[in-house]
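A.B. asks: Could you have a look at this structure, given as structure tokens, before my questions?
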Amino acid sequence: MENSKHEAWNTPEPIQEDNKRLAAGLLAILVAPFGIHKFLLGYTTEGIIWLAMSLISCGILTSILGLIEGIIYLTKSDQEFYNTYQLHKKPWF
């Protein structure tokens, strides 16, 4: 077996430096009605939808959803968050 070959199943993927888990989680909890966490992750259309929902519900619905979404973001590992929300672009929960 050559030393240059790596076993793919046994090699952890490096965590990307541009992981935005902490920032997105805190923004989702603290300023949820503005949808800044959606824009931070590159979800422009979803951010605009989030702002419209905030206007319609006077910020109540998006505050609750932001709290839930922020907790979900913060409870994921860095690698799981990166794979789910930044690499595979899952925009909602």
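Ligands are numbered from 1 in the order shown, chains are lettered A, B, ... in the order of the structure tokens, and residues start at 1 in each chain.
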Find the spatial neighbours of A:Gly59, counting only C-alpha atoms, within a cut-off of 10 Å - ignore same-chain residues fewer than 4 positions away - and output them as a list in words.
C.D. replies: Ala32, Pro33, Phe34, Trp50, Leu51, Ala52, Met53, Ser54, Leu55, Ser63, Ile64 and Leu65 of chain A
A.B. asks: Keeping N, CA and C atoms, export the residues of the selection given above as a JSON list (two decimals), in the first residue's frame.
C.D. replies:
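Just written: part.json:
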[["chain", "number", "residue", "atom", "x", "y", "z"],
["A", 32, "ALA", "N", -34.12, 38.25, 14.64],
["A", 32, "ALA", "CA", -34.87, 37.36, 13.74],
["A", 32, "ALA", "C", -35.80, 38.09, 12.78],
["A", 33, "PRO", "N", -36.56, 39.11, 13.19],
["A", 33, "PRO", "CA", -37.51, 39.71, 12.25],
["A", 33, "PRO", "C", -36.89, 40.31, 11.00],
["A", 34, "PHE", "N", -35.61, 40.62, 11.04],
["A", 34, "PHE", "CA", -34.96, 41.22, 9.88],
["A", 34, "PHE", "C", -34.40, 40.19, 8.90],
["A", 50, "TRP", "N", -38.67, 36.10, 4.27],
["A", 50, "TRP", "CA", -38.64, 36.25, 5.72],
["A", 50, "TRP", "C", -39.06, 37.68, 6.12],
["A", 51, "LEU", "N", -38.56, 38.68, 5.40],
["A", 51, "LEU", "CA", -38.95, 40.07, 5.68],
["A", 51, "LEU", "C", -40.43, 40.29, 5.43],
["A", 52, "ALA", "N", -40.97, 39.72, 4.37],
["A", 52, "ALA", "CA", -42.40, 39.85, 4.08],
["A", 52, "ALA", "C", -43.23, 39.20, 5.18],
["A", 53, "MET", "N", -42.81, 38.01, 5.63],
["A", 53, "MET", "CA", -43.52, 37.34, 6.73],
["A", 53, "MET", "C", -43.46, 38.18, 8.00],
["A", 54, "SER", "N", -42.35, 38.85, 8.20],
["A", 54, "SER", "CA", -42.19, 39.70, 9.38],
["A", 54, "SER", "C", -43.13, 40.89, 9.33],
["A", 55, "LEU", "N", -43.27, 41.49, 8.15],
["A", 55, "LEU", "CA", -44.19, 42.62, 8.02],
["A", 55, "LEU", "C", -45.64, 42.19, 8.22],
["A", 63, "SER", "N", -40.04, 36.06, 14.84],
["A", 63, "SER", "CA", -39.27, 36.00, 16.08],
["A", 63, "SER", "C", -39.26, 34.59, 16.64],
["A", 64, "ILE", "N", -40.41, 33.95, 16.62],
["A", 64, "ILE", "CA", -40.51, 32.57, 17.10],
["A", 64, "ILE", "C", -39.72, 31.64, 16.20],
["A", 65, "LEU", "N", -39.91, 31.78, 14.88],
["A", 65, "LEU", "CA", -39.19, 30.93, 13.93],
["A", 65, "LEU", "C", -37.68, 31.17, 13.99]]
A.B. asks: One decimal, in Å: what's the spacing between atom CA of A:Arg21 and atom CA of A:Tyr73?
C.D. replies: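 Calculated distance between atom CA of A:Arg21 and atom CA of A:Tyr73 is 6.1 Å.
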A.B. asks: For atom CA of A:Lys20 and atom CA of A:Leu61, quote the distance in Å rounded to one decimal.
C.D. replies: 23.8 Å
A.B. asks: Pick from A:Ile36, A:Val31, A:Ile60, A:Leu74: nearest to A:Asn19, with only C-alpha atoms counted?
C.D. replies: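 Checking each candidate against A:Asn19, we get A:Leu74 as the closest.
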A.B. asks: Which residues are near A:Leu27? Cut-off 9 Å, only C-alpha atoms, ignore same chain within fewer than 5 positions. Put them as a list in words.
C.D. replies: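 So the residues in contact are Leu22, Ala32, Gly35, Ile36, His37, Gly66 and Gly70 of chain A.
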